[in-house]
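Input: a single structure, listed below in structure tokens.
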Amino acid sequence: MWASIAGRLFWRELKRGELWVIAFALFLAVGSVVSLSGITQSVKSALQQRSAQFTAADRVLGSSQPFDDAYFSVASELGVATARQMQFDSMLFAGEQMQLATIKAVNDSYPLRGELVLHRSASITSGSPGQLAPGEVWFEARLLDLLQVKPGDTVELGEARLVVAGVIVNEPDAPLSVFGGSPRVIMHLADVAATSIVQPGSRISYRYLFAGTASALDALTDALKPRLTVHQRWRNLDRESAIGSALERAERFLLLAGLLGIVLAACAAAVAASRYSQRHTQAVAIIKALGATTAKARLLYSSHLLLVVLFSLVLGLMGGQLAIFAAELGIGNYISDYRPEFSFRPLLLGTLTCIICALLFAARPLWQLAKTPAIEVLKQPAAVMNLDKWQMLFGAAAIWGLMWLFSGELLISVGLFLLCALFAAILLGFAAVMVKLARPVAAGQSSAGRLALANLRRRLWPNSFQLITFSLAIFLTLLLYFLRAELIGQWQQQIPEGAPNHFLVNVSAEQRAKVTAFTEANNLQPEPFYPVVRGRLLSINSEQLQQEATKEDRSEQRVGVGRELNLTWLAQIPANNKIIEGQWFNDATNAEVSVEQEIAERLQLTLGDKLDFSIGGQQVKATVTSIRQVDWNSLQPNFYMILSPDVLATFPATYITAFYLEQGSGNLINQLARQMPTVTVLSVDAIINQVNDIIAQVTIALSFILIIIALAAALVLVAQVQATLEQREQELAILRTLGAKYVFLRNALLLEFAFLGALAGLFATVLAELLLIVLQQRVFDMPFQFHFALWWMGPVIGVVSVSLLGWWQLRRLLQIPGAILIRRVIQS
Amino acid sequence: MRMNKTPELHIKAINLAKRVKVPEGSLTILHDISLTINRGETVAIVGASGSGKSTLLSLLAGLDTPSDGEIHMAGKPLHQMSEDERAGVRARDVGFVFQSFLLLPSLTALENVTLPAELSGDRKARERGLALLEQVGLTARADFYPSQLSGGEQQRVAIARAFITKPAILFADEPSANLDAVTGQMIEDLLFELNDSQGTTLVLVTHNAELAKRCQRQYQMRSGSFVPADTATAVAATEVAANVG
Ligand SMILES: Nc1ncnc2c1ncn2[C@@H]1O[C@H](COP(=O)(O)OP(=O)(O)O)[C@@H](O)[C@H]1O
Ligand SMILES: [Mg+2]
């Protein structure tokens with residue numbers, strides 16, 4: 001019987017707002033957890049599948065030095081299959097078009113594992129299968145568009161002309177970069193010589209591919225061990241785990257960022273649940289007076305919560321799953337293998353979140369509700385609701401629990417929790433001070449303004465809470481906008497006028513004269529030619545450096561740079577460099593090196609340290625005699641290590657130079673690149689485009705979080721306005737009895753919300769400005785700069801959004817004719 | 001209806017006291033209350049506002065527990081019962097009519113009437129509820145919500161609800177105080193009528209002397225205790241009860 005009563009009560013309660021607020025809050029929480037975790041999961045498995053299914057070999061030895069045939073014969077003797085692969089970046093030309101691409105040259109035995117699938121067509125979905133052969137190149141499909149070519153057309157690569165045979169459908173060992181990179185090209189190793197791109201000092205990666213039985217491979221590893229130089233190393237084929245852990249971190253970050261929204265939503269649910277039970281105190285008292293026990297009353301009302309929880313849980317799980325599918329539209333652009341997948345982990349996380357939110361935020365008020373003594377029937381129901389201490393404690397416990405669940409680490413969750421508490425305390429304190437300070441200001445204002453402020457002060461607690469939620473939402477909005485629209489623009493602006501915007505890389509010694517002739521003919525002011533030699537830092541003061549920052553091997557060794565460095569030698573210090581310690585080279589200089597300040601700090605280098613480099617297989621020693629500060633924003637070629645000319649001058653080098661070219665001179669670049677096809681031209685615009693691309697991708701993720709937080713913030717406002725509805729009704733009735741006009745009351749109401757919104761906007765602005773300044777100085781190395789637009793945008797967004805929401809919530813209350821309002825209040 | 005030669009004792013209260021905690025300490029709102037009510041009797045508790053009538057009623061009906069003293073209802077010690085046991089007693093044996101009607105706003109008139117019966121699992125509640133609504137003249141309003149009913153109509157629904165479980169005793173706390181004179185009169189008539197036809201014991205709390213006179217006996221209250229000399233009937237009744245007890 002109680003079930004039918006419970007059902008009827010529930011059904012009719014749906015018309016009131018609180019159950020919907022709880023339902024929507026839980027839906028939001030579940031949906032965002034499921035989708036955030038599911039999307040990262042799908043991305044992860046897409047990349048893992050690609051990596052697991054397609055590897056081109058069992059073992060890969062990478063090298064920056066040309067192939068050593070002896071290695072291959074050792075392998076053959078041990079019964080290990082081999083293949084060769086070279087990889088480099090180069091310009092491709094087709095008619096007027098040119099494009100930087102990543103070229104992979106392989107021999108016939110490639111791949112040893114997996115399958116290389118090529119189509120003799122422009123489409124990856126149809127076309128006859130193709131085979132790798134000399135004279136032909138295969139393109140990643142998008143490159144056809146970029147170069148405006150079709151299969152059968154001829155393209156130029158370095159000094160060679162090659163025929164475009166078709167598209168790459170499957171490339172076994174394609175890099176697992178999430179963010180595109182240059183388009184990919186596969187060609188035959190036999191054609192590489194004809195391109196003339198490979199010169200001493202060029203940046204080329206050579207790979208020895210091996211496949212065979214485990215024992216044969218182990219034997220090979222042992223046999224090669226004594227031969228390996230510092231320029232050669234076994235490449236980690238276990239990319240799966242590296243990417244896996246990176247994505248796990250991404251998932252945790254997204255979940256924790258999303259947690260902000262979830263917590264806000266849960267708070268809205270808590271407020272709504274408190275309000276719901278407060279509104280039902282009398283009903284419970286009546287039911288108990290009529291003979292219901294506490295247990296029965298509890299059953300009656302917890303069934304309501306249970307229904308709401310089930311409803312939102314199911315919808316949330318479905319909605320989240322739907323979002324995972326919908327994400328294909330956005331993410332598919334960046335990760336072609338993204339397949340939305342069904343997995344239990346996100347659903348489990350979502351369900352757990354729902355249970356935690358429901359139990360710790362919403363359940364207590366309903367639990368307490370059933371305890372209402374029957375004697376309450378004889379008392380006046382209270383109009384004001386307050387959250388009790390236990391409720392707060394439970395809420396805090398829930399927030400921490402969710403942090404733990406999402407971060408998976410106890411320490412992080414505790415730290416994060418304390419940080420959030422501190423942040424909230426600061427904002428609350430700030431809010432209290434602001435409302436206090438506003439009193440003298442308002443004294444001179446209209447009486448509507450004074451009434452609005454009085455209202456704000458009276459509901460200081462809930463208002464401060466709203467302040468935090470809206471500050472957060474507005475802060476994120478501002479941040480997203482300024483990241484996208486402003487930061488890059490500012491960075492571009494502060495590049496000095498006429499700073500080089502085109503870089504020529506891989507210029508050979510003979511090509512230098514040609515480049516100079518070209519720049520002179522076209523009135524360009526080129527930077528000097530910087531020789532570049534690639535080398536690895538081996539040791540500091542004969543102390544061997546750990547070459548890779550691996551987790552397992554935490555020895556005493558200092559961690560090295562981890563990759564080959566571009567080394568140069570110069571007699572004169574570059575214009576934008578400043579010596580901050582030591583002396584620049586002089587005539588007496590003998591085997592010295594000047595180190596850039598940041599890397600010197602990282603490697604803990606001091607003047608007098610002796611460095612060992614390995615360059616082209618030869619060991620080179622140099623003593624640190626100066627530490628330089630480099631202005632990275634000058635966009636001139638910059639180097640971490642500059643050696644004195646006596647050390648390096650005998651090594652074969654390629655050269656880098658740069659010059660400024662006005663916009664729209666693309667034709668000139670085309671000419672230059674055609675004259676020297678082996679030279680790679682990098683334009684700053686292209687680099688900026690790439691940075692913009694990455695920012696665009698980051699903003700996609702942040703926008704998703706922003707939506708969650710904005711919805712949650714709105715929900716909190718709705719819940720809290722609902723909670724004060726009766727109180728407001730009473731006040732309005734009294735004011736109207738005293739003769740207040742509609743316009744006056746409406747203005748007071750709007751002013752109340754406008755003030756709240758303005759405060760929230762102001763907080764958000766301060767926060768956003770602080771973060772932008774940090775980003776500017778730390779990440780972009782820019783001078784301090786105020787964002788004036790921020791200071792009006794934040795408050796305006798706050799005023800408009802909060803006033804509209806408040807007005808929308810209370811409009812009906814204001815429209816009730818005074819007489820009816822008064823009667824309604826007097827009667828109750 | 002049963003004819004009583006020797007009246008059967010229904011409620012007996014001995015030296016009741018009620019103290020409540022207030023910020024200043026403890027406040028005694030009832031003290032030294034003893035009374036007896038016989039089965040089928042109609043008894044009025046009269047007194048000025050704030051004299052403790054509602055508090056006493058809540059103790060007699062088992063809504064609340066006394067700080068001191070004993071209450072026996074049909075021989076059972078209410079003052080020793082747990083909250084849930086008292087709820088059981090209320091569900092089976094007690095009906096209520098309150099000053100402010102106290103209907104559940106989200107249930108219709110009929111659903112409000114049948115609520116107590118449904119809570120104790122009575123499946124025939126609906127027919128009986130409709131019959132009671134007819135008795136109070138509200139058949140046409142069965143599916144209306146409380147907010148759609150006038151005050152008088154709401155109180156009639158409340159009266160119908162009070163009788164649905166066929167309680168042995170009915171407690172009414174100022175049932176007509178929130179209504180205009182004419183409607184109030186009608187409600188009072190209805191209450192006595194139903195009470196008479198059902199043979200229920202009636203305990204009526206009121207500050208209205210006229211209304212009190214319609215009851216067989218009266219207890220007069222002033223600042224938390226009975227005024228003994230005021231009404232001879234009350235004193236006499238106490239003596240009778242004492243003899244019986
Ligand atoms: N829980 C309580 N706390 C403090 N005072 C109370 C409480 N309940 C009742 N009172 C006080 O006790 C007195 C008697 O109340 P009540 O029984 O409602 O009187 P009546 O029904 O006769 O008007 C009143 O003065 C009332 O204010
Ligand atoms: Mg009273």
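Ordering of the structure tokens sets the chain letters (A, B, ...); residue numbers start at 1 within each chain; ligands are numbered from 1 in the order shown.
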
Self-check item: Filtered DSSP result for range 13-252 of chain A, state strand (DSSP E or B), as a VMD selection string
Solution: chain A and resid 59 to 63 81 to 94 97 to 106 117 to 119 129 136 to 139 154 to 157 160 to 170 184 to 188 205 to 211 232 to 234

Practice problem: Please report as a PyMOL selection string which residues of chain A come no farther than 6 Å from chain B, using only C-alpha atoms. | Solution: chain A and resi 1-2+283+290-293+374-375

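You will find CA of Ile33 in chain B at 4.8 Å from CA of Asn15 in chain B.
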
Practice problem: Could you give me, as a PyMOL selection string, every polymer residue with an atom at most 7 Å away from an atom of ligand 1, counting only C-alpha atoms and all ligand atoms? | Solution: chain B and resi 20-22+29+47-56+224

Just to be explicit: take each residue in the selection above, keep all heavy atoms, and write the result as a short mmCIF file (atom, residue, chain, number, x, y, z; two decimals), in the first residue's frame.
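What follows is the written file part.cif:
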data_model
loop_
_atom_site.label_atom_id
_atom_site.label_comp_id
_atom_site.auth_asym_id
_atom_site.auth_seq_id
_atom_site.Cartn_x
_atom_site.Cartn_y
_atom_site.Cartn_z
N VAL B 20 9.83 21.62 28.66
CA VAL B 20 10.59 21.72 27.41
C VAL B 20 11.85 22.52 27.65
O VAL B 20 11.92 23.33 28.58
CB VAL B 20 9.76 22.37 26.27
CG1 VAL B 20 8.63 21.48 25.84
CG2 VAL B 20 9.26 23.74 26.70
N LYS B 21 12.82 22.24 26.81
CA LYS B 21 14.08 23.00 26.91
C LYS B 21 13.93 24.29 26.14
O LYS B 21 13.45 24.30 25.01
CB LYS B 21 15.23 22.18 26.32
CG LYS B 21 15.77 21.15 27.28
CD LYS B 21 17.23 20.81 26.91
CE LYS B 21 17.69 19.56 27.63
NZ LYS B 21 17.48 18.33 26.81
N VAL B 22 14.32 25.37 26.77
CA VAL B 22 14.36 26.66 26.09
C VAL B 22 15.76 27.23 26.33
O VAL B 22 16.46 26.74 27.22
CB VAL B 22 13.28 27.63 26.63
CG1 VAL B 22 11.91 27.20 26.14
CG2 VAL B 22 13.32 27.69 28.15
N ILE B 29 5.51 23.51 30.90
CA ILE B 29 4.29 23.99 30.24
C ILE B 29 3.05 23.21 30.69
O ILE B 29 1.95 23.65 30.47
CB ILE B 29 4.42 24.00 28.70
CG1 ILE B 29 4.97 22.68 28.18
CG2 ILE B 29 5.31 25.14 28.25
CD1 ILE B 29 5.15 22.69 26.67
N GLY B 47 -9.71 26.59 27.72
CA GLY B 47 -8.72 27.47 28.33
C GLY B 47 -8.27 28.52 27.35
O GLY B 47 -8.50 28.40 26.14
N ALA B 48 -7.65 29.55 27.89
CA ALA B 48 -7.18 30.63 27.04
C ALA B 48 -6.04 30.13 26.15
O ALA B 48 -5.45 29.09 26.42
CB ALA B 48 -6.69 31.80 27.89
N SER B 49 -5.76 30.91 25.14
CA SER B 49 -4.66 30.56 24.24
C SER B 49 -3.35 30.54 25.02
O SER B 49 -3.10 31.43 25.82
CB SER B 49 -4.60 31.59 23.11
OG SER B 49 -3.51 31.33 22.30
N GLY B 50 -2.59 29.51 24.84
CA GLY B 50 -1.31 29.41 25.53
C GLY B 50 -1.40 28.75 26.88
O GLY B 50 -0.40 28.63 27.58
N SER B 51 -2.58 28.26 27.23
CA SER B 51 -2.71 27.66 28.56
C SER B 51 -2.23 26.21 28.59
O SER B 51 -2.15 25.61 29.65
CB SER B 51 -4.18 27.75 29.02
OG SER B 51 -5.01 27.09 28.07
N GLY B 52 -1.94 25.62 27.42
CA GLY B 52 -1.37 24.27 27.40
C GLY B 52 -2.30 23.20 26.88
O GLY B 52 -2.01 22.01 26.99
N LYS B 53 -3.41 23.60 26.27
CA LYS B 53 -4.41 22.63 25.81
C LYS B 53 -3.84 21.69 24.75
O LYS B 53 -3.96 20.47 24.85
CB LYS B 53 -5.63 23.37 25.22
CG LYS B 53 -6.24 24.41 26.15
CD LYS B 53 -7.45 25.06 25.52
CE LYS B 53 -7.14 25.87 24.26
NZ LYS B 53 -6.38 27.09 24.49
N SER B 54 -3.20 22.29 23.73
CA SER B 54 -2.67 21.46 22.64
C SER B 54 -1.60 20.52 23.15
O SER B 54 -1.51 19.37 22.73
CB SER B 54 -2.10 22.35 21.54
OG SER B 54 -3.11 23.11 20.96
N THR B 55 -0.80 21.01 24.07
CA THR B 55 0.26 20.17 24.63
C THR B 55 -0.34 18.96 25.34
O THR B 55 0.10 17.82 25.15
CB THR B 55 1.10 20.99 25.62
OG1 THR B 55 1.52 22.19 24.97
CG2 THR B 55 2.31 20.21 26.08
N LEU B 56 -1.36 19.20 26.10
CA LEU B 56 -2.02 18.11 26.81
C LEU B 56 -2.60 17.10 25.83
O LEU B 56 -2.44 15.89 25.96
CB LEU B 56 -3.12 18.68 27.72
CG LEU B 56 -3.98 17.62 28.43
CD1 LEU B 56 -3.10 16.70 29.27
CD2 LEU B 56 -5.05 18.28 29.29
N GLY B 224 -1.11 25.79 32.30
CA GLY B 224 -0.49 24.48 32.37
C GLY B 224 -1.10 23.50 33.35
O GLY B 224 -0.61 22.39 33.48
#

Exercise. Mind giving me the straight-line distance from CA of Gln619 in chain A to CA of Asn638 in chain A in Å, one decimal?
Key: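 Calculated distance between CA of Gln619 in chain A and CA of Asn638 in chain A is 23.6 Å.
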
Self-check item: For ligand 2, the nearest of the candidates B:Asp180, B:Glu174, B:Asp189, B:Glu24, counting only C-alpha atoms and all ligand atoms
Solution: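 Of all the options, B:Glu174 lies closest to ligand 2.
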
Write out, as CSV, each residue of chain A that has an atom at most 12 Å from ligand 2, together with the closest pair of atoms and their distance in Å to one decimal, counting only C-alpha atoms and all ligand atoms, rows going by chain and rising number.
residue,atom,partner,partner_atom_place_in_ligand_line,distance
A:Val377,CA,ligand 2,1 (Mg),11.2
A:Leu378,CA,ligand 2,1 (Mg),7.6
A:Lys379,CA,ligand 2,1 (Mg),9.4
A:Gln380,CA,ligand 2,1 (Mg),11.5

Quiz item: Quick one: DSSP alpha helix (DSSP H) residues in range 669-808 of chain A, as a PyMOL selection string?
Solution: chain A and resi 669-675+684-723+725-737+742-774+788-808

Quiz prompt | Neighbour list for Val167 in chain A as JSON, numbers by chain, cut-off 6 Å, only C-alpha atoms, skip fewer than 2 positions in-chain | solution = {"A": [118, 119, 122, 138, 139, 140, 141]}

If you keep N, CA and C atoms, can you produce a file of those selected residues as a PDB file, in the first residue's frame?
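Okay, selection32.pdb is ready:
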ATOM      1  N   LEU A 118      48.860  -0.510 -49.593  1.00  0.00           N
ATOM      2  CA  LEU A 118      48.895   0.655 -50.473  1.00  0.00           C
ATOM      3  C   LEU A 118      47.806   0.508 -51.522  1.00  0.00           C
ATOM      4  N   HIS A 119      47.198   1.601 -51.883  1.00  0.00           N
ATOM      5  CA  HIS A 119      46.174   1.572 -52.933  1.00  0.00           C
ATOM      6  C   HIS A 119      46.650   2.378 -54.125  1.00  0.00           C
ATOM      7  N   ALA A 122      43.345   7.313 -55.273  1.00  0.00           N
ATOM      8  CA  ALA A 122      43.390   8.444 -54.350  1.00  0.00           C
ATOM      9  C   ALA A 122      42.563   8.160 -53.102  1.00  0.00           C
ATOM     10  N   TRP A 138      54.424   6.940 -52.283  1.00  0.00           N
ATOM     11  CA  TRP A 138      53.056   6.735 -51.796  1.00  0.00           C
ATOM     12  C   TRP A 138      52.764   7.792 -50.746  1.00  0.00           C
ATOM     13  N   PHE A 139      51.575   8.395 -50.850  1.00  0.00           N
ATOM     14  CA  PHE A 139      51.229   9.534 -49.999  1.00  0.00           C
ATOM     15  C   PHE A 139      50.168   9.170 -48.979  1.00  0.00           C
ATOM     16  N   GLU A 140      50.264   9.803 -47.845  1.00  0.00           N
ATOM     17  CA  GLU A 140      49.111   9.839 -46.936  1.00  0.00           C
ATOM     18  C   GLU A 140      48.032  10.637 -47.682  1.00  0.00           C
ATOM     19  N   ALA A 141      46.763  10.194 -47.597  1.00  0.00           N
ATOM     20  CA  ALA A 141      45.721  10.736 -48.479  1.00  0.00           C
ATOM     21  C   ALA A 141      45.656  12.274 -48.467  1.00  0.00           C
TER      22      ALA A 141
END

Quiz item: Which neighbours of range 148-155 of chain B fall inside 12 Å, counting only C-alpha atoms, when residues of the same chain fewer than 2 positions from it are skipped, and could you give them as a PyMOL selection string?
Solution: (chain A and resi 827-828) or (chain B and resi 96-110+112-113+133+136-146+157-162+172-188+190-191)

Quiz item: If you measure from CA of Ala6 in chain A to CA of Ala289 in chain A, what distance in Å do you get, rounded to one decimal?
Solution: 17.2 Å

Quiz prompt | Shell of 12 Å around Ala223 in chain A, only C-alpha atoms, local chain residues under 6 positions omitted, as a list in words | solution =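 So the residues in contact are Ala70, Tyr71, Phe72, Ser73, Val74, Ala75, Glu77, Leu78, Ala216 and Leu217 of chain A.
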
Self-check item: Selection near Leu813 in chain A, 9 Å with only C-alpha atoms, sequence-local residues under 5 positions removed, as a PyMOL selection string
Solution: chain A and resi 725+728-729+732+821

Quiz item: Residues at most 12 Å from Ala591 in chain A, counting only C-alpha atoms, excluding those fewer than 6 positions away in the same chain, as a list of chain:residue names?
Solution: A:Trp569, A:Phe585, A:Gly608, A:Lys610, A:Leu611, A:Asp612, A:Phe613, A:Val620, A:Lys621, A:Ala622, A:Thr623, A:Val624, A:Thr625, A:Ile642, A:Leu643, A:Ser644, A:Pro645, A:Asp646, A:Val647, A:Leu648, A:Ala649
